[in-house]
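Student: I am sharing query_11.tsv, which consists of TSV, C-alpha atoms:
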chain	number	residue	atom	x	y	z
A	4	ASP	CA	23.26	-1.23	35.79
A	5	ILE	CA	26.14	0.78	34.40
A	6	GLN	CA	25.42	4.51	34.34
A	7	MET	CA	26.86	6.61	31.55
A	8	THR	CA	27.37	10.32	32.17
A	9	GLN	CA	28.23	12.72	29.37
A	10	SER	CA	29.56	16.22	29.69
A	11	PRO	CA	28.74	18.81	28.76
A	12	SER	CA	25.02	18.38	28.09
A	13	SER	CA	25.28	21.03	25.41
A	14	LEU	CA	27.90	23.25	23.89
A	15	SER	CA	28.14	26.06	21.38
A	16	ALA	CA	30.98	26.04	18.90
A	17	SER	CA	32.02	27.59	15.61
A	18	VAL	CA	32.90	25.95	12.34
A	19	GLY	CA	36.54	24.94	12.49
A	20	ASP	CA	36.63	24.57	16.28
A	21	ARG	CA	38.04	21.52	18.01
A	22	VAL	CA	35.30	19.94	20.10
A	23	THR	CA	35.67	17.38	22.87
A	24	ILE	CA	32.86	15.48	24.55
A	25	THR	CA	33.49	13.27	27.55
A	26	CYS	CA	31.69	10.17	28.76
A	27	ARG	CA	32.18	8.52	32.13
A	28	ALA	CA	31.01	5.05	33.08
A	29	SER	CA	29.98	4.19	36.64
A	30	GLN	CA	32.30	1.16	36.54
A	31	SER	CA	35.04	-0.10	34.28
A	32	ILE	CA	33.83	-1.11	30.82
A	33	SER	CA	37.22	-1.82	29.25
A	34	ARG	CA	36.89	-0.43	25.72
A	35	TYR	CA	33.24	-1.40	25.18
A	36	LEU	CA	32.20	2.14	24.38
A	37	ASN	CA	30.49	3.42	21.25
A	38	TRP	CA	29.60	6.88	19.98
A	39	TYR	CA	26.61	7.87	17.85
A	40	GLN	CA	25.53	11.06	16.12
A	41	GLN	CA	21.87	11.94	15.77
A	42	LYS	CA	20.38	14.75	13.73
A	43	PRO	CA	16.81	15.98	14.31
A	44	GLY	CA	14.18	13.61	12.98
A	45	LYS	CA	16.77	11.01	11.96
A	46	ALA	CA	18.01	7.73	13.33
A	47	PRO	CA	21.33	7.71	15.16
A	48	ASN	CA	24.46	6.97	13.16
A	49	LEU	CA	27.43	5.00	14.47
A	50	LEU	CA	30.65	7.03	14.55
A	51	ILE	CA	33.07	5.15	16.79
A	52	TYR	CA	33.04	1.63	18.23
A	53	ALA	CA	35.35	-0.10	20.70
A	54	ALA	CA	36.29	3.31	22.09
A	55	SER	CA	38.54	4.34	19.21
A	56	SER	CA	37.67	2.43	16.02
A	57	LEU	CA	36.27	4.66	13.30
A	58	GLN	CA	33.20	3.22	11.60
A	59	SER	CA	33.52	2.83	7.85
A	60	GLY	CA	32.48	5.95	5.99
A	61	VAL	CA	32.83	8.29	8.98
A	62	PRO	CA	35.11	11.29	8.37
A	63	SER	CA	38.54	11.13	9.97
A	64	ARG	CA	37.95	14.38	11.88
A	65	PHE	CA	36.07	12.20	14.38
A	66	SER	CA	38.16	10.27	16.86
A	67	GLY	CA	37.63	8.47	20.13
A	68	SER	CA	39.86	7.57	23.03
A	69	GLY	CA	39.80	6.15	26.51
A	70	SER	CA	39.41	2.91	28.40
A	71	GLY	CA	38.10	1.81	31.76
A	72	THR	CA	35.71	4.51	32.90
A	73	ASP	CA	36.72	7.67	31.02
A	74	PHE	CA	36.26	8.27	27.31
A	75	THR	CA	36.33	11.18	24.89
A	76	LEU	CA	34.95	11.93	21.46
A	77	THR	CA	36.88	14.59	19.58
A	78	ILE	CA	35.91	16.45	16.43
A	79	SER	CA	39.13	17.98	15.19
A	80	SER	CA	37.60	20.69	13.02
A	81	LEU	CA	33.85	21.17	13.37
A	82	GLN	CA	31.95	21.24	10.09
A	83	PRO	CA	28.43	22.58	9.45
A	84	GLU	CA	27.05	19.05	9.11
A	85	ASP	CA	28.39	18.11	12.57
A	86	PHE	CA	25.82	20.14	14.47
A	87	ALA	CA	23.84	17.36	16.09
A	88	THR	CA	23.39	15.44	19.33
A	89	TYR	CA	26.03	12.88	20.31
A	90	TYR	CA	25.49	9.85	22.51
A	91	CYS	CA	27.89	7.43	24.12
A	92	GLN	CA	26.77	3.86	24.81
A	93	GLN	CA	28.35	0.99	26.71
A	94	SER	CA	28.23	-2.57	25.40
A	95	TYR	CA	30.17	-4.18	28.26
A	96	SER	CA	27.09	-5.63	29.87
A	97	THR	CA	23.32	-5.67	29.75
A	98	PRO	CA	21.31	-3.61	30.03
A	99	ARG	CA	23.08	-1.63	27.35
A	100	THR	CA	23.00	2.00	28.48
A	101	PHE	CA	23.39	5.34	26.77
A	102	GLY	CA	24.63	8.65	28.01
A	103	GLN	CA	22.07	11.45	28.17
A	104	GLY	CA	23.43	13.10	25.05
A	105	THR	CA	25.45	16.19	24.18
A	106	LYS	CA	23.90	18.74	21.85
A	107	VAL	CA	26.40	20.58	19.70
A	108	GLU	CA	25.00	23.91	18.55
A	109	ILE	CA	26.20	26.69	16.31
A	110	LYS	CA	27.86	29.60	18.08
B	24	GLU	CA	22.93	-2.39	0.82
B	25	VAL	CA	21.84	-3.08	4.38
B	26	GLN	CA	18.32	-1.88	5.09
B	27	LEU	CA	16.13	-2.09	8.18
B	28	VAL	CA	12.51	-1.00	7.87
B	29	GLU	CA	10.26	-0.77	10.91
B	30	SER	CA	6.49	-0.91	10.66
B	31	GLY	CA	3.46	-1.35	12.88
B	32	GLY	CA	3.56	1.83	14.91
B	33	GLY	CA	0.54	4.01	15.56
B	34	LEU	CA	-1.87	5.28	18.17
B	35	VAL	CA	-2.94	2.76	20.81
B	36	GLN	CA	-4.87	3.04	24.05
B	37	PRO	CA	-3.24	2.34	27.40
B	38	GLY	CA	-3.40	-1.33	28.33
B	39	ARG	CA	-3.64	-2.50	24.72
B	40	SER	CA	-1.05	-4.36	22.65
B	41	LEU	CA	0.92	-3.61	19.51
B	42	ARG	CA	3.42	-5.58	17.46
B	43	LEU	CA	6.23	-3.87	15.61
B	44	SER	CA	8.11	-5.48	12.73
B	45	CYS	CA	11.61	-4.84	11.46
B	46	THR	CA	12.15	-6.13	7.94
B	47	ALA	CA	15.80	-6.58	7.05
B	48	SER	CA	17.57	-6.88	3.73
B	49	GLY	CA	21.06	-6.69	2.29
B	50	PHE	CA	22.75	-9.05	4.76
B	51	THR	CA	22.47	-12.56	6.18
B	52	PHE	CA	19.86	-11.74	8.80
B	53	GLY	CA	20.18	-14.98	10.73
B	54	ASP	CA	23.82	-14.30	11.63
B	55	TYR	CA	23.14	-11.14	13.62
B	56	THR	CA	21.81	-10.02	16.97
B	57	MET	CA	18.89	-7.64	16.48
B	58	THR	CA	18.21	-4.91	18.99
B	59	TRP	CA	15.35	-2.50	19.66
B	60	VAL	CA	16.07	1.01	20.93
B	61	ARG	CA	13.44	3.64	21.69
B	62	GLN	CA	13.38	7.40	22.07
B	63	ALA	CA	10.59	9.25	23.84
B	64	PRO	CA	9.70	12.65	22.36
B	65	GLY	CA	12.46	15.14	23.09
B	66	LYS	CA	14.40	12.61	25.16
B	67	GLY	CA	17.50	10.45	24.82
B	68	LEU	CA	18.00	6.91	23.60
B	69	GLU	CA	16.85	3.92	25.65
B	70	TRP	CA	17.84	0.31	24.96
B	71	VAL	CA	14.75	-1.93	24.95
B	72	GLY	CA	16.27	-5.35	24.37
B	73	PHE	CA	17.75	-7.75	21.87
B	74	ILE	CA	17.53	-11.23	20.41
B	75	ARG	CA	20.69	-13.13	19.66
B	76	SER	CA	21.20	-15.19	16.53
B	77	LYS	CA	20.30	-18.89	16.55
B	78	ALA	CA	24.03	-19.63	16.67
B	79	TYR	CA	24.01	-18.05	20.12
B	80	GLY	CA	20.80	-19.73	21.19
B	81	GLY	CA	18.38	-17.09	19.94
B	82	THR	CA	18.11	-15.86	23.51
B	83	THR	CA	16.66	-12.52	24.52
B	84	GLU	CA	17.46	-9.83	27.07
B	85	TYR	CA	15.33	-6.86	28.08
B	86	ALA	CA	15.46	-3.58	29.90
B	87	ALA	CA	13.90	-3.72	33.34
B	88	SER	CA	11.30	-1.16	32.24
B	89	VAL	CA	9.81	-3.57	29.67
B	90	LYS	CA	10.66	-7.01	31.03
B	91	GLY	CA	7.55	-9.12	31.31
B	92	THR	CA	5.48	-6.93	28.98
B	93	PHE	CA	7.58	-6.74	25.80
B	94	THR	CA	8.76	-9.77	23.82
B	95	ILE	CA	11.30	-9.82	21.01
B	96	SER	CA	11.25	-12.62	18.46
B	97	ARG	CA	12.63	-13.30	15.02
B	98	ASP	CA	11.74	-15.16	11.86
B	99	ASP	CA	14.98	-15.80	10.02
B	100	SER	CA	13.18	-17.26	7.01
B	101	LYS	CA	11.34	-13.95	6.51
B	102	THR	CA	14.26	-11.79	7.78
B	103	ILE	CA	11.98	-10.04	10.24
B	104	ALA	CA	12.47	-9.14	13.90
B	105	TYR	CA	9.42	-8.44	16.01
B	106	LEU	CA	8.68	-6.44	19.12
B	107	GLN	CA	5.47	-7.51	20.79
B	108	MET	CA	4.35	-4.86	23.25
B	109	ASN	CA	1.63	-5.73	25.74
B	110	SER	CA	-0.04	-3.73	28.51
B	111	LEU	CA	1.17	-0.50	26.99
B	112	LYS	CA	1.55	2.56	29.16
B	113	THR	CA	1.67	6.25	28.26
B	114	GLU	CA	5.38	6.23	29.12
B	115	ASP	CA	5.97	3.74	26.29
B	116	THR	CA	5.25	6.52	23.81
B	117	ALA	CA	8.38	6.77	21.68
B	118	VAL	CA	9.98	6.27	18.32
B	119	TYR	CA	11.12	2.65	18.18
B	120	TYR	CA	14.25	1.82	16.24
B	121	CYS	CA	15.45	-1.55	15.06
B	122	THR	CA	19.23	-1.97	14.93
B	123	ARG	CA	21.77	-4.56	13.90
B	124	ASP	CA	24.59	-5.66	16.19
B	125	PRO	CA	27.50	-7.54	14.58
B	126	GLY	CA	28.92	-8.55	17.94
B	127	GLY	CA	29.66	-12.24	18.26
B	128	TYR	CA	29.38	-12.81	14.53
B	129	SER	CA	31.93	-10.69	12.69
B	130	THR	CA	33.57	-9.05	15.68
B	131	SER	CA	34.11	-9.44	19.42
B	132	TRP	CA	32.84	-5.91	19.93
B	133	TYR	CA	29.17	-5.02	20.32
B	134	TYR	CA	27.62	-1.95	18.72
B	135	PHE	CA	24.69	-0.85	16.57
B	136	ASP	CA	26.03	-0.41	13.06
B	137	TYR	CA	22.77	-0.06	11.13
B	138	TRP	CA	19.49	1.52	12.22
B	139	GLY	CA	16.04	1.65	10.72
B	140	GLN	CA	14.21	4.93	10.24
B	141	GLY	CA	12.05	4.29	13.30
B	142	THR	CA	8.32	3.91	13.87
B	143	LEU	CA	6.33	6.09	16.24
B	144	VAL	CA	4.19	4.48	18.92
B	145	THR	CA	1.80	6.78	20.73
B	146	VAL	CA	0.02	5.42	23.79
B	147	SER	CA	-2.90	7.64	24.66
B	148	SER	CA	-6.58	7.44	25.45
Here is a file; write its structure as structure tokens.
Tutor:
Amino acid sequence: DIQMTQSPSSLSASVGDRVTITCRASQSISRYLNWYQQKPGKAPNLLIYAASSLQSGVPSRFSGSGSGTDFTLTISSLQPEDFATYYCQQSYSTPRTFGQGTKVEIK
Amino acid sequence: EVQLVESGGGLVQPGRSLRLSCTASGFTFGDYTMTWVRQAPGKGLEWVGFIRSKAYGGTTEYAASVKGTFTISRDDSKTIAYLQMNSLKTEDTAVYYCTRDPGGYSTSWYYFDYWGQGTLVTVSS
């Protein structure tokens, strides 16, 4: 199974900050990497697919990059509605696996 | 508008069975792979398994943790995906989400673009 490791597990940031979350796969997954945002009590929401493609309706302050084993999710200017938990997920092979999540909290 | 609505969750005793349903609308259900993802209380997301569209054989794949006890099926005429859960254990307690994956149909990439609201399954005596 491909293991996905996110860092950090949590972070504190202020509105307007640039935030970067990293995700590392235990083997190469090409660009089969997706990012989701989840708010408490809600279902996850797709932000980025294929490592860097922005899902329709997602604000352009979200961006993704990377290929192979190392990926990043960047929020260029953190907004109040962005405080949430973020998960990466590989779709290169089954079983599909998620990272453990990164909780973004208000500083 | 794409909608996925899960139902069938509840409290069940260990060793018993439960069947979850995911009723879809707003898209051509039969063209898509449907996936189940679960989330134990306070924990992260765990992929449970999926069923491919009939165009791709309608085949299924499962996480090792549920293989042999959970079964995913679909009824394209009713636009419903099912998750049959047998021999339930306390560690199966989670919110279960139904998701849509456009991979293989409208794109060569695989991801979960729509999610239901989830249904809570509690396994306890």
Student: Extract, using all atoms listed in the file, all DNA, RNA and protein residues at most 10 Å from Val61 of chain A, discarding same-chain residues fewer than 6 positions from it, and format them as a ChimeraX atom specification.
Tutor: /A:48-51
Student: Would you mind exporting the chosen residues as a compact mmCIF listing (two decimals), in the coordinates of the input, restricted to C-alpha atoms?
Tutor:
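Saved the output as result_16.txt:
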# COMPACT_ATOMS: atom_id res chain seq x y z
CA ASN A 48 24.46 6.97 13.16
CA LEU A 49 27.43 5.00 14.47
CA LEU A 50 30.65 7.03 14.55
CA ILE A 51 33.07 5.15 16.79
Student: Mind pulling up the distance from atom CA of Leu14 of chain A to atom CA of Phe135 of chain B?
Tutor: 25.4 Å
Student: For Phe73 of chain B, work out the shell of residues within 8 Å, counting only C-alpha atoms and skipping chain neighbours fewer than 4 positions away, then give it as a PyMOL selection string.
Tutor: chain B and resi 56-59+83-85+95
Student: Check the smallest atom-to-atom distance from each of B:Ser148, B:Thr46, B:Ser100, B:Gln62 to chain A using all atoms listed in the file, then report the winner.
Tutor: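 Of B:Ser148, B:Thr46, B:Ser100, B:Gln62, the one nearest chain A is B:Gln62, counting all atoms listed in the file.
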Student: Could you give me, as a VMD selection string, the residues within 7 Å of Asp54 of chain B, counting only C-alpha atoms and dropping anything in the same chain fewer than 2 positions from it?
Tutor: chain B and resid 51 to 52 76 128
Student: Within 8 Å of (24.5, 0.2, 29.1) in the file's own coordinates, which protein, DNA or RNA residues have an atom, counting only C-alpha atoms? List them as a PyMOL selection string.
Tutor: (chain A and resi 4-7+92-101) or (chain B and resi 70)
Student: Using only C-alpha atoms, which of the listed residues (A:Asn37, A:Thr105, A:Ser56, A:Ser79) sits closest to Gln9 of chain A?
Tutor: A:Thr105
Student: Per residue of chain B within 6 Å of chain A, record the nearest atom pair and its distance in Å to one decimal, counting all atoms listed in the file, with rows in chain order and ascending residue number, as CSV.
Tutor:
residue,atom,partner,partner_atom,distance
B:Gly67,CA,A:Gln103,CA,5.8
B:Ala86,CA,A:Pro98,CA,5.9
B:Tyr133,CA,A:Ser94,CA,5.7
B:Asp136,CA,A:Leu49,CA,5.8
B:Gln140,CA,A:Ala46,CA,5.6
Student: Could you save the residues just selected, with C-alpha atoms, as a PDB file, in the coordinates of the input?
Tutor:
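Okay, this is what ended up in out04.pdb:
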ATOM      1  CA  GLY B  67      17.500  10.450  24.820  1.00  0.00           C
ATOM      2  CA  ALA B  86      15.460  -3.580  29.900  1.00  0.00           C
ATOM      3  CA  TYR B 133      29.170  -5.020  20.320  1.00  0.00           C
ATOM      4  CA  ASP B 136      26.030  -0.410  13.060  1.00  0.00           C
ATOM      5  CA  GLN B 140      14.210   4.930  10.240  1.00  0.00           C
TER       6      GLN B 140
END
Student: Skip segment 25-27 of chain A itself and residues of its chain fewer than 3 positions away, then list as an mmCIF file with C-alpha atoms, keeping the file's coordinate frame all residues within 7 Å of it, counting all atoms listed in the file.
Tutor:
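Once written, selection-v1.cif looks like this:
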data_model
loop_
_atom_site.group_PDB
_atom_site.id
_atom_site.type_symbol
_atom_site.label_atom_id
_atom_site.label_comp_id
_atom_site.auth_asym_id
_atom_site.auth_seq_id
_atom_site.Cartn_x
_atom_site.Cartn_y
_atom_site.Cartn_z
ATOM 1 C CA MET A 7 26.860 6.610 31.550
ATOM 2 C CA THR A 8 27.370 10.320 32.170
ATOM 3 C CA GLN A 9 28.230 12.720 29.370
ATOM 4 C CA SER A 10 29.560 16.220 29.690
ATOM 5 C CA THR A 72 35.710 4.510 32.900
ATOM 6 C CA ASP A 73 36.720 7.670 31.020
ATOM 7 C CA PHE A 74 36.260 8.270 27.310
ATOM 8 C CA THR A 75 36.330 11.180 24.890
ATOM 9 C CA LEU A 76 34.950 11.930 21.460
ATOM 10 C CA CYS A 91 27.890 7.430 24.120
#
Student: Report, in Å with one decimal, the straight-line distance from atom CA of Gly19 of chain A to atom CA of Glu84 of chain A.
Tutor: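 A separation of 11.7 Å between them.
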Student: What does the distance between atom CA of Val89 of chain B and atom CA of Leu106 of chain B come to in Å, to one decimal place?
Tutor: 11.0 Å
